[in-house]
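Peer 1: I'm passing along data_0.pdb; it holds PDB, C-alpha atoms.
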```pdb
ATOM      1  CA  MET A  81     158.648 145.606  71.266
ATOM      2  CA  ASP A  82     159.511 148.240  73.876
ATOM      3  CA  CYS A  83     161.735 147.852  76.929
ATOM      4  CA  GLY A  84     158.849 147.546  79.367
ATOM      5  CA  SER A  85     157.279 144.679  77.459
ATOM      6  CA  TYR A  86     160.593 142.849  77.106
ATOM      7  CA  ILE A  87     161.487 143.123  80.790
ATOM      8  CA  GLU A  88     158.018 142.239  82.047
ATOM      9  CA  LYS A  89     157.078 139.447  79.648
ATOM     10  CA  TYR A  90     160.251 138.084  78.092
ATOM     11  CA  LEU A  91     163.375 138.684  80.186
ATOM     12  CA  SER A  92     163.108 135.853  82.708
ATOM     13  CA  ALA A  93     161.917 133.289  80.156
ATOM     14  CA  HIS A  94     164.631 134.453  77.735
ATOM     15  CA  VAL A  95     167.353 133.780  80.301
ATOM     16  CA  ASP A  96     165.826 130.382  81.132
ATOM     17  CA  GLY A  97     165.554 129.396  77.449
ATOM     18  CA  GLU A  98     161.776 129.049  77.633
ATOM     19  CA  LEU A  99     160.714 131.311  74.738
ATOM     20  CA  SER A 100     159.062 129.927  71.639
ATOM     21  CA  ALA A 101     160.863 130.353  68.319
ATOM     22  CA  GLU A 102     158.736 133.366  67.417
ATOM     23  CA  GLU A 103     159.161 134.972  70.843
ATOM     24  CA  LEU A 104     162.890 134.326  70.751
ATOM     25  CA  ARG A 105     163.245 136.108  67.395
ATOM     26  CA  ALA A 106     161.335 139.109  68.744
ATOM     27  CA  ALA A 107     163.442 139.186  71.923
ATOM     28  CA  GLU A 108     166.726 138.915  70.024
ATOM     29  CA  GLU A 109     165.684 141.674  67.635
ATOM     30  CA  HIS A 110     164.909 143.943  70.567
ATOM     31  CA  LEU A 111     168.226 143.187  72.303
ATOM     32  CA  ALA A 112     170.146 143.862  69.118
ATOM     33  CA  GLY A 113     169.025 147.485  69.228
ATOM     34  CA  CYS A 114     168.758 148.096  72.982
ATOM     35  CA  ALA A 115     171.908 148.348  75.103
ATOM     36  CA  ASN A 116     169.937 148.748  78.337
ATOM     37  CA  CYS A 117     168.012 145.516  77.885
ATOM     38  CA  ARG A 118     171.177 143.703  76.854
ATOM     39  CA  ALA A 119     172.686 144.774  80.161
ATOM     40  CA  ARG A 120     169.566 143.615  82.036
ATOM     41  CA  PHE A 121     169.708 140.259  80.244
ATOM     42  CA  ALA A 122     173.398 139.793  81.146
ATOM     43  CA  GLU A 123     172.723 140.761  84.757
ATOM     44  CA  GLU A 124     169.757 138.375  85.078
ATOM     45  CA  ARG A 125     171.746 135.517  83.557
ATOM     46  CA  ALA A 126     174.690 136.141  85.907
ATOM     47  CA  VAL A 127     172.444 136.173  88.982
ATOM     48  CA  LYS A 128     170.696 132.925  88.011
ATOM     49  CA  SER A 129     174.014 131.285  87.190
ATOM     50  CA  LEU A 130     175.379 132.266  90.611
ATOM     51  CA  MET A 131     172.280 130.930  92.351
ATOM     52  CA  ARG A 132     172.514 127.602  90.543
ATOM     53  CA  GLU A 133     176.213 127.306  91.393
ATOM     54  CA  ARG A 134     175.816 128.194  95.046
ATOM     55  CA  ALA A 135     172.466 126.617  95.801
ATOM     56  CA  GLN A 136     172.796 123.248  94.108
ATOM     57  CA  MET A 137     174.554 121.629  97.068
ATOM     58  CA  LEU A 138     173.127 123.769  99.858
ATOM     59  CA  ARG A 139     171.064 122.058 102.520
ATOM     60  CA  THR A 140     168.368 124.356 103.833
ATOM     61  CA  PRO A 141     169.360 125.627 107.307
ATOM     62  CA  ALA A 142     167.288 123.935 110.035
ATOM     63  CA  MET A 143     165.777 127.203 111.255
ATOM     64  CA  VAL A 144     164.608 128.190 107.774
ATOM     65  CA  ARG A 145     163.385 124.689 107.004
ATOM     66  CA  GLY A 146     161.369 124.663 110.241
ATOM     67  CA  SER A 147     159.803 128.033 109.461
ATOM     68  CA  ILE A 148     158.736 126.889 105.993
ATOM     69  CA  LEU A 149     157.246 123.631 107.261
ATOM     70  CA  ALA A 150     155.402 125.362 110.110
ATOM     71  CA  ALA A 151     153.911 127.920 107.739
ATOM     72  CA  LEU A 152     152.862 125.204 105.303
ATOM     73  CA  ASP A 153     151.205 123.206 108.099
ATOM     74  CA  ALA A 154     149.356 126.298 109.315
ATOM     75  CA  ALA A 155     148.193 127.110 105.811
ATOM     76  CA  ASP A 156     146.976 123.552 105.277
ATOM     77  CA  SER A 157     145.082 123.506 108.607
ATOM     78  CA  ALA A 158     143.421 126.832 107.878
ATOM     79  CA  ASP A 159     142.406 125.646 104.427
ATOM     80  CA  ARG A 160     140.767 122.522 105.877
ATOM     81  CA  ARG A 161     138.844 124.617 108.426
ATOM     82  CA  ASP A 162     137.599 126.923 105.694
ATOM     83  CA  ARG A 163     136.383 124.000 103.595
ATOM     84  CA  ALA A 164     134.587 122.495 106.610
ATOM     85  CA  ALA A 165     132.890 125.842 107.362
ATOM     86  CA  GLY A 166     131.498 126.062 103.832
ATOM     87  CA  ALA A 167     132.071 128.341 100.902
ATOM     88  CA  ASP A 168     130.271 131.382 102.309
ATOM     89  CA  ARG A 169     133.470 133.117 103.431
ATOM     90  CA  PRO A 170     135.742 133.078 100.388
ATOM     91  CA  ALA A 171     137.136 136.543 100.998
ATOM     92  CA  ARG A 172     138.153 135.723 104.578
ATOM     93  CA  SER A 173     139.738 132.471 103.410
ATOM     94  CA  VAL A 174     141.809 134.264 100.798
ATOM     95  CA  LEU A 175     142.972 136.861 103.299
ATOM     96  CA  ARG A 176     143.869 134.210 105.827
ATOM     97  CA  ARG A 177     145.906 132.239 103.310
ATOM     98  CA  ALA A 178     147.671 135.423 102.264
ATOM     99  CA  ARG A 179     148.653 136.120 105.878
ATOM    100  CA  LEU A 180     149.793 132.541 106.412
ATOM    101  CA  TRP A 181     151.905 132.488 103.276
ATOM    102  CA  ILE A 182     153.825 135.589 104.341
ATOM    103  CA  PRO A 183     156.101 133.524 106.670
ATOM    104  CA  VAL A 184     156.791 131.131 103.807
ATOM    105  CA  ALA A 185     157.892 134.000 101.595
ATOM    106  CA  ILE A 186     160.018 135.447 104.398
ATOM    107  CA  ALA A 187     161.657 132.089 105.072
ATOM    108  CA  ALA A 188     162.358 131.538 101.378
ATOM    109  CA  SER A 189     163.820 135.046 101.130
ATOM    110  CA  ALA A 190     166.010 134.327 104.144
ATOM    111  CA  LEU A 191     167.308 131.176 102.486
ATOM    112  CA  LEU A 192     168.045 133.040  99.247
ATOM    113  CA  GLY A 193     169.849 135.757 101.195
ATOM    114  CA  PHE A 194     171.842 133.109 103.039
ATOM    115  CA  VAL A 195     173.008 131.588  99.755
ATOM    116  CA  ILE A 196     173.929 134.868  98.036
ATOM    117  CA  LEU A 197     175.388 136.820 100.962
ATOM    118  CA  HIS A 198     177.351 134.004 102.554
ATOM    119  CA  GLY A 199     178.145 132.107  99.367
ATOM    120  CA  VAL A 200     178.764 128.915 101.244
ATOM    121  CA  GLY A 201     177.896 125.282 101.039
ATOM    122  CA  ILE A 202     177.492 123.158 104.116
ATOM    123  CA  THR A 203     180.165 122.096 106.531
ATOM    124  CA  PRO A 204     180.603 118.343 105.972
ATOM    125  CA  ALA A 205     178.795 116.448 108.718
ATOM    126  CA  HIS A 206     181.642 113.971 109.236
ATOM    127  CA  ALA A 207     185.203 114.729 110.285
ATOM    128  CA  ILE A 208     187.693 115.076 107.450
ATOM    129  CA  THR A 209     191.127 114.301 108.866
ATOM    130  CA  PRO A 210     193.302 116.288 106.409
ATOM    131  CA  PHE A 211     191.049 119.327 106.870
ATOM    132  CA  ASP A 212     191.215 118.955 110.657
ATOM    133  CA  VAL A 213     195.015 118.768 110.543
ATOM    134  CA  ALA A 214     195.169 121.966 108.489
ATOM    135  CA  VAL A 215     192.543 123.860 110.532
ATOM    136  CA  ASN A 216     194.021 122.888 113.910
ATOM    137  CA  HIS A 217     197.507 123.960 112.875
ATOM    138  CA  TYR A 218     196.217 127.144 111.263
ATOM    139  CA  THR A 219     194.543 128.137 114.538
ATOM    140  CA  GLN A 220     197.831 127.576 116.351
ATOM    141  CA  PHE A 221     200.041 129.261 113.756
ATOM    142  CA  ALA A 222     197.808 132.318 113.364
ATOM    143  CA  ALA A 223     198.740 133.188 116.948
ATOM    144  CA  HIS A 224     202.373 132.116 116.709
ATOM    145  CA  PHE A 225     204.270 130.477 113.868
ATOM    146  CA  GLU A 226     207.738 129.110 114.521
ATOM    147  CA  PRO A 227     209.516 127.772 111.393
ATOM    148  CA  THR A 228     211.664 124.675 111.602
ATOM    149  CA  VAL A 229     213.349 125.484 108.289
ATOM    150  CA  LYS A 230     216.067 127.960 109.251
ATOM    151  CA  SER A 231     215.799 130.022 106.064
ATOM    152  CA  ASN A 232     212.666 131.706 104.755
ATOM    153  CA  ALA A 233     214.050 131.803 101.208
ATOM    154  CA  PRO A 234     211.747 129.787  98.899
ATOM    155  CA  PRO A 235     214.574 127.645  97.400
ATOM    156  CA  ASP A 236     215.786 126.647 100.866
ATOM    157  CA  ILE A 237     212.276 125.780 102.091
ATOM    158  CA  SER A 238     211.616 123.787  98.932
ATOM    159  CA  ALA A 239     214.875 121.862  99.346
ATOM    160  CA  ALA A 240     214.103 121.089 102.992
ATOM    161  CA  TYR A 241     210.689 119.720 102.047
ATOM    162  CA  MET A 242     212.164 117.486  99.349
ATOM    163  CA  ASP A 243     214.775 116.200 101.804
ATOM    164  CA  HIS A 244     211.833 114.833 103.802
ATOM    165  CA  LYS A 245     210.282 113.342 100.646
ATOM    166  CA  LEU A 246     207.598 116.006 100.540
ATOM    167  CA  PRO A 247     206.590 118.102  97.504
ATOM    168  CA  GLY A 248     208.990 120.968  96.973
ATOM    169  CA  LEU A 249     206.236 123.167  95.551
ATOM    170  CA  LEU A 250     205.611 126.522  97.184
ATOM    171  CA  TRP A 251     202.703 128.834  96.529
ATOM    172  CA  ASN A 252     203.616 132.299  95.291
ATOM    173  CA  LEU A 253     200.967 134.386  97.042
ATOM    174  CA  GLN A 254     202.750 137.693  96.514
ATOM    175  CA  PRO A 255     200.341 138.779  93.722
ATOM    176  CA  SER A 256     197.584 138.647  96.357
ATOM    177  CA  GLY A 257     199.614 140.668  98.864
ATOM    178  CA  TYR A 258     200.941 137.860 101.098
ATOM    179  CA  LYS A 259     204.475 137.473 102.385
ATOM    180  CA  LEU A 260     206.052 134.050 102.915
ATOM    181  CA  VAL A 261     206.728 133.783 106.662
ATOM    182  CA  GLY A 262     208.456 130.400 106.639
ATOM    183  CA  GLY A 263     208.192 126.625 106.492
ATOM    184  CA  ARG A 264     207.729 123.999 109.157
ATOM    185  CA  ILE A 265     208.079 120.209 108.986
ATOM    186  CA  GLU A 266     206.327 117.903 111.451
ATOM    187  CA  HIS A 267     205.221 114.270 111.565
ATOM    188  CA  LEU A 268     201.682 113.010 111.966
ATOM    189  CA  ARG A 269     200.703 110.266 114.414
ATOM    190  CA  ASP A 270     201.313 107.599 111.778
ATOM    191  CA  GLY A 271     204.866 108.908 111.317
ATOM    192  CA  SER A 272     204.300 110.452 107.880
ATOM    193  CA  PRO A 273     205.873 113.888 107.309
ATOM    194  CA  VAL A 274     203.759 116.994 106.777
ATOM    195  CA  ALA A 275     204.878 120.437 105.615
ATOM    196  CA  PHE A 276     203.311 123.712 106.738
ATOM    197  CA  THR A 277     204.034 126.906 104.822
ATOM    198  CA  PHE A 278     202.657 130.056 106.406
ATOM    199  CA  TYR A 279     201.815 133.320 104.645
ATOM    200  CA  ARG A 280     200.790 136.652 106.141
ATOM    201  CA  GLY A 281     199.371 139.765 104.494
ATOM    202  CA  ASP A 282     197.429 142.896 105.347
ATOM    203  CA  ALA A 283     194.169 141.094 104.551
ATOM    204  CA  GLY A 284     194.859 138.025 106.694
ATOM    205  CA  THR A 285     196.825 134.781 106.778
ATOM    206  CA  ILE A 286     196.943 131.574 104.749
ATOM    207  CA  LEU A 287     198.426 128.212 105.688
ATOM    208  CA  CYS A 288     199.452 125.653 103.060
ATOM    209  CA  THR A 289     199.619 122.063 104.293
ATOM    210  CA  PHE A 290     201.272 119.319 102.231
ATOM    211  CA  MET A 291     200.648 115.761 103.372
ATOM    212  CA  ARG A 292     200.404 112.295 101.902
ATOM    213  CA  ALA A 293     196.818 111.124 101.472
ATOM    214  CA  GLN A 294     196.940 108.213  99.064
ATOM    215  CA  GLY A 295     193.468 107.492  97.693
ATOM    216  CA  PHE A 296     191.883 110.510  99.365
ATOM    217  CA  ASP A 297     189.079 111.718  97.099
ATOM    218  CA  PRO A 298     187.518 115.184  97.218
ATOM    219  CA  PRO A 299     184.782 114.973  99.868
ATOM    220  CA  PRO A 300     181.230 116.023  99.002
ATOM    221  CA  GLY A 301     180.134 119.543  99.834
ATOM    222  CA  ALA A 302     182.479 121.575  97.599
ATOM    223  CA  ILE A 303     180.916 124.956  96.887
ATOM    224  CA  HIS A 304     183.287 125.937  94.112
ATOM    225  CA  ALA A 305     185.675 124.199  91.749
ATOM    226  CA  MET A 306     188.336 125.737  89.565
ATOM    227  CA  GLY A 307     190.622 123.426  87.637
ATOM    228  CA  GLU A 308     192.127 121.001  90.155
ATOM    229  CA  HIS A 309     191.090 123.149  93.114
ATOM    230  CA  ASN A 310     188.001 122.335  95.185
ATOM    231  CA  TYR A 311     186.749 124.884  97.705
ATOM    232  CA  TYR A 312     184.955 124.150 100.965
ATOM    233  CA  VAL A 313     183.739 125.896 104.067
ATOM    234  CA  TYR A 314     184.743 123.619 106.924
ATOM    235  CA  LYS A 315     184.131 124.511 110.585
ATOM    236  CA  GLY A 316     183.928 128.162 109.597
ATOM    237  CA  TYR A 317     187.210 128.183 107.657
ATOM    238  CA  SER A 318     187.737 128.641 103.917
ATOM    239  CA  ILE A 319     189.494 125.597 102.457
ATOM    240  CA  CYS A 320     191.113 124.966  99.070
ATOM    241  CA  LEU A 321     191.978 121.347  98.292
ATOM    242  CA  SER A 322     194.283 120.426  95.418
ATOM    243  CA  TYR A 323     196.386 117.471  94.331
ATOM    244  CA  PRO A 324     200.023 118.281  93.432
ATOM    245  CA  TYR A 325     201.228 114.770  92.535
ATOM    246  CA  ASN A 326     202.059 111.227  93.666
ATOM    247  CA  GLY A 327     199.447 110.770  96.391
ATOM    248  CA  PHE A 328     200.019 114.112  98.127
ATOM    249  CA  ILE A 329     197.373 116.712  98.784
ATOM    250  CA  CYS A 330     197.642 120.439  99.372
ATOM    251  CA  VAL A 331     195.189 121.998 101.811
ATOM    252  CA  LEU A 332     195.102 125.797 101.930
ATOM    253  CA  VAL A 333     193.168 127.257 104.845
ATOM    254  CA  SER A 334     192.266 130.818 105.818
ATOM    255  CA  ARG A 335     189.765 132.910 107.735
ATOM    256  CA  ARG A 336     189.153 134.986 104.614
ATOM    257  CA  THR A 337     185.636 135.016 103.184
ATOM    258  CA  MET A 338     185.222 132.440 100.450
ATOM    259  CA  ASN A 339     184.879 135.030  97.677
ATOM    260  CA  ASP A 340     188.084 136.799  98.759
ATOM    261  CA  PHE A 341     189.875 133.483  99.313
ATOM    262  CA  VAL A 342     189.045 132.243  95.816
ATOM    263  CA  GLN A 343     190.337 135.507  94.345
ATOM    264  CA  ASP A 344     193.552 135.234  96.383
ATOM    265  CA  ILE A 345     194.220 131.715  95.104
ATOM    266  CA  ALA A 346     193.225 132.515  91.525
ATOM    267  CA  ALA A 347     195.663 135.440  91.415
ATOM    268  CA  SER A 348     198.512 133.261  92.690
ATOM    269  CA  GLU A 349     200.178 130.048  91.625
ATOM    270  CA  PRO A 350     202.104 127.124  93.164
TER     271      PRO A 350
END
```
What does this structure look like when you write it as structure tokens?
Peer 2:
Amino acid sequence: MDCGSYIEKYLSAHVDGELSAEELRAAEEHLAGCANCRARFAEERAVKSLMRERAQMLRTPAMVRGSILAALDAADSADRRDRAAGADRPARSVLRRARLWIPVAIAASALLGFVILHGVGITPAHAITPFDVAVNHYTQFAAHFEPTVKSNAPPDISAAYMDHKLPGLLWNLQPSGYKLVGGRIEHLRDGSPVAFTFYRGDAGTILCTFMRAQGFDPPPGAIHAMGEHNYYVYKGYSICLSYPYNGFICVLVSRRTMNDFVQDIAASEP
């Protein structure tokens, strides 16, 4: 088997696990001696894995969905007209269907590009109170953050949080290039305390919000999960939700792209 035959006839089915036993042996034998095709196989598998991860919870954008449905309706109407006119114009019918299916292909390509380039799921349709608290405060603090904890030393901030019966955990975002600006303690409308820890770096800002949310389960719509962290795009913001302990949640919010945000969190630790 040569490279051309493998790529054209076997590669996609090999990645999808759809080869027969005989075909699989032939494909594996070729890969064993061909570094280029091994690289192509790894690349194809990575792309399909990314698409499955990103697309499985993505709702088709309304504009794309409308374009696909309109093109399908037009194609169906044209097909019915051709059948009513008789079978004496097969070539014209084929050409017409080809032209009508072009918008479908364009719309599908747009959807695929949306998934890969933006790498986002959908913004949850209903309001999520802890996310709204974090996003609203982030918007305010990005312009001006005024700590209520007098010291910006991590041990002092941690102690102040614990004095208010909040988690004393602080994220160490220095590996990702962020500096701890300070900590702020407020109370929500129900009187429960909430802690805001603000970080600033050359690439942007991140706000960590600790609040009590007993029984609060991860909402649907997460586009990425890593350990106890669930990632969302909510109202245009990148969100990381985690559960430190004892009914508290940690909501990290940033304007960073999701890919960059995930890397920032992964390189750091609470």
Peer 1: Given the file shown, determine the residues that the PyMOL selection byres ((chain A and resi 239-246) around 12) selects; report them as a VMD selection string.
Peer 2: chain A and resid 227 to 238 247 to 250 262 to 267 271 to 277 289 to 293 324 to 330
Peer 1: Which residue is closest to Glu124 of chain A? Choose from A:Glu109, A:Val95, A:Arg335, A:Leu104 and count all atoms listed in the file.
Peer 2: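 For Glu124 of chain A, the nearest of the candidates is A:Val95.
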Peer 1: Write out as a PDB file with C-alpha atoms, in the frame of the given file which residues come within 12 Å of Val342 of chain A when counting all atoms listed in the file, dropping same-chain ones fewer than 4 positions away.
Peer 2:
```
ATOM      1  CA  GLY A 199     178.145 132.107  99.367  1.00  0.00           C
ATOM      2  CA  SER A 256     197.584 138.647  96.357  1.00  0.00           C
ATOM      3  CA  ILE A 286     196.943 131.574 104.749  1.00  0.00           C
ATOM      4  CA  ILE A 303     180.916 124.956  96.887  1.00  0.00           C
ATOM      5  CA  HIS A 304     183.287 125.937  94.112  1.00  0.00           C
ATOM      6  CA  ALA A 305     185.675 124.199  91.749  1.00  0.00           C
ATOM      7  CA  MET A 306     188.336 125.737  89.565  1.00  0.00           C
ATOM      8  CA  HIS A 309     191.090 123.149  93.114  1.00  0.00           C
ATOM      9  CA  ASN A 310     188.001 122.335  95.185  1.00  0.00           C
ATOM     10  CA  TYR A 311     186.749 124.884  97.705  1.00  0.00           C
ATOM     11  CA  TYR A 312     184.955 124.150 100.965  1.00  0.00           C
ATOM     12  CA  VAL A 313     183.739 125.896 104.067  1.00  0.00           C
ATOM     13  CA  SER A 318     187.737 128.641 103.917  1.00  0.00           C
ATOM     14  CA  ILE A 319     189.494 125.597 102.457  1.00  0.00           C
ATOM     15  CA  CYS A 320     191.113 124.966  99.070  1.00  0.00           C
ATOM     16  CA  LEU A 321     191.978 121.347  98.292  1.00  0.00           C
ATOM     17  CA  LEU A 332     195.102 125.797 101.930  1.00  0.00           C
ATOM     18  CA  VAL A 333     193.168 127.257 104.845  1.00  0.00           C
ATOM     19  CA  SER A 334     192.266 130.818 105.818  1.00  0.00           C
ATOM     20  CA  ARG A 335     189.765 132.910 107.735  1.00  0.00           C
ATOM     21  CA  ARG A 336     189.153 134.986 104.614  1.00  0.00           C
ATOM     22  CA  THR A 337     185.636 135.016 103.184  1.00  0.00           C
ATOM     23  CA  MET A 338     185.222 132.440 100.450  1.00  0.00           C
ATOM     24  CA  ALA A 346     193.225 132.515  91.525  1.00  0.00           C
ATOM     25  CA  ALA A 347     195.663 135.440  91.415  1.00  0.00           C
ATOM     26  CA  SER A 348     198.512 133.261  92.690  1.00  0.00           C
TER      27      SER A 348
END
```
Peer 1: Just how far from atom CA of Glu308 of chain A is atom CA of Val213 of chain A, in Å to one decimal?
Peer 2: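 So the answer is 20.7 Å.
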Peer 1: Excluding same-chain residues fewer than 2 positions from Phe211 of chain A, what lies within 8 Å of it counting all atoms listed in the file, as a list in words?
Peer 2: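 Using all atoms listed in the file, the neighbours found are Ile208, Thr209, Val213, Ala214, Val215, Tyr314, Ile319 and Val331 of chain A.
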Peer 1: Could you take the residues named above and write them with C-alpha atoms, as an mmCIF file, in the coordinates of the input?
Peer 2:
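Result file again-v1.cif:
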```cif
data_model
loop_
_atom_site.group_PDB
_atom_site.id
_atom_site.type_symbol
_atom_site.label_atom_id
_atom_site.label_comp_id
_atom_site.auth_asym_id
_atom_site.auth_seq_id
_atom_site.Cartn_x
_atom_site.Cartn_y
_atom_site.Cartn_z
ATOM 1 C CA ILE A 208 187.693 115.076 107.450
ATOM 2 C CA THR A 209 191.127 114.301 108.866
ATOM 3 C CA VAL A 213 195.015 118.768 110.543
ATOM 4 C CA ALA A 214 195.169 121.966 108.489
ATOM 5 C CA VAL A 215 192.543 123.860 110.532
ATOM 6 C CA TYR A 314 184.743 123.619 106.924
ATOM 7 C CA ILE A 319 189.494 125.597 102.457
ATOM 8 C CA VAL A 331 195.189 121.998 101.811
#
```
Peer 1: Taking all atoms listed in the file into account, name the residue in A:Gly97, A:Leu268, A:Ile87, A:Met81 that is nearest to Gly113 of chain A.
Peer 2: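 Selected residue with least distance to Gly113 of chain A: A:Met81.
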Peer 1: So which one's closest to Glu103 of chain A, A:Ala115, A:Ser85, A:Gln254, A:Gly316? Using all atoms listed in the file, please.
Peer 2: A:Ser85
Peer 1: How many Å lie between atom CA of Gly257 of chain A and atom CA of Gly307 of chain A, rounded to one decimal?
Peer 2: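 Separation of atom CA of Gly257 of chain A and atom CA of Gly307 of chain A: 22.5 Å.
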Peer 1: Tell me which of A:Ser322, A:Thr285, A:Asn252, A:Ser100 sits closest to Pro210 of chain A, counting only C-alpha atoms.
Peer 2: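 The shortest atom-to-atom distance to Pro210 of chain A comes from A:Ser322.
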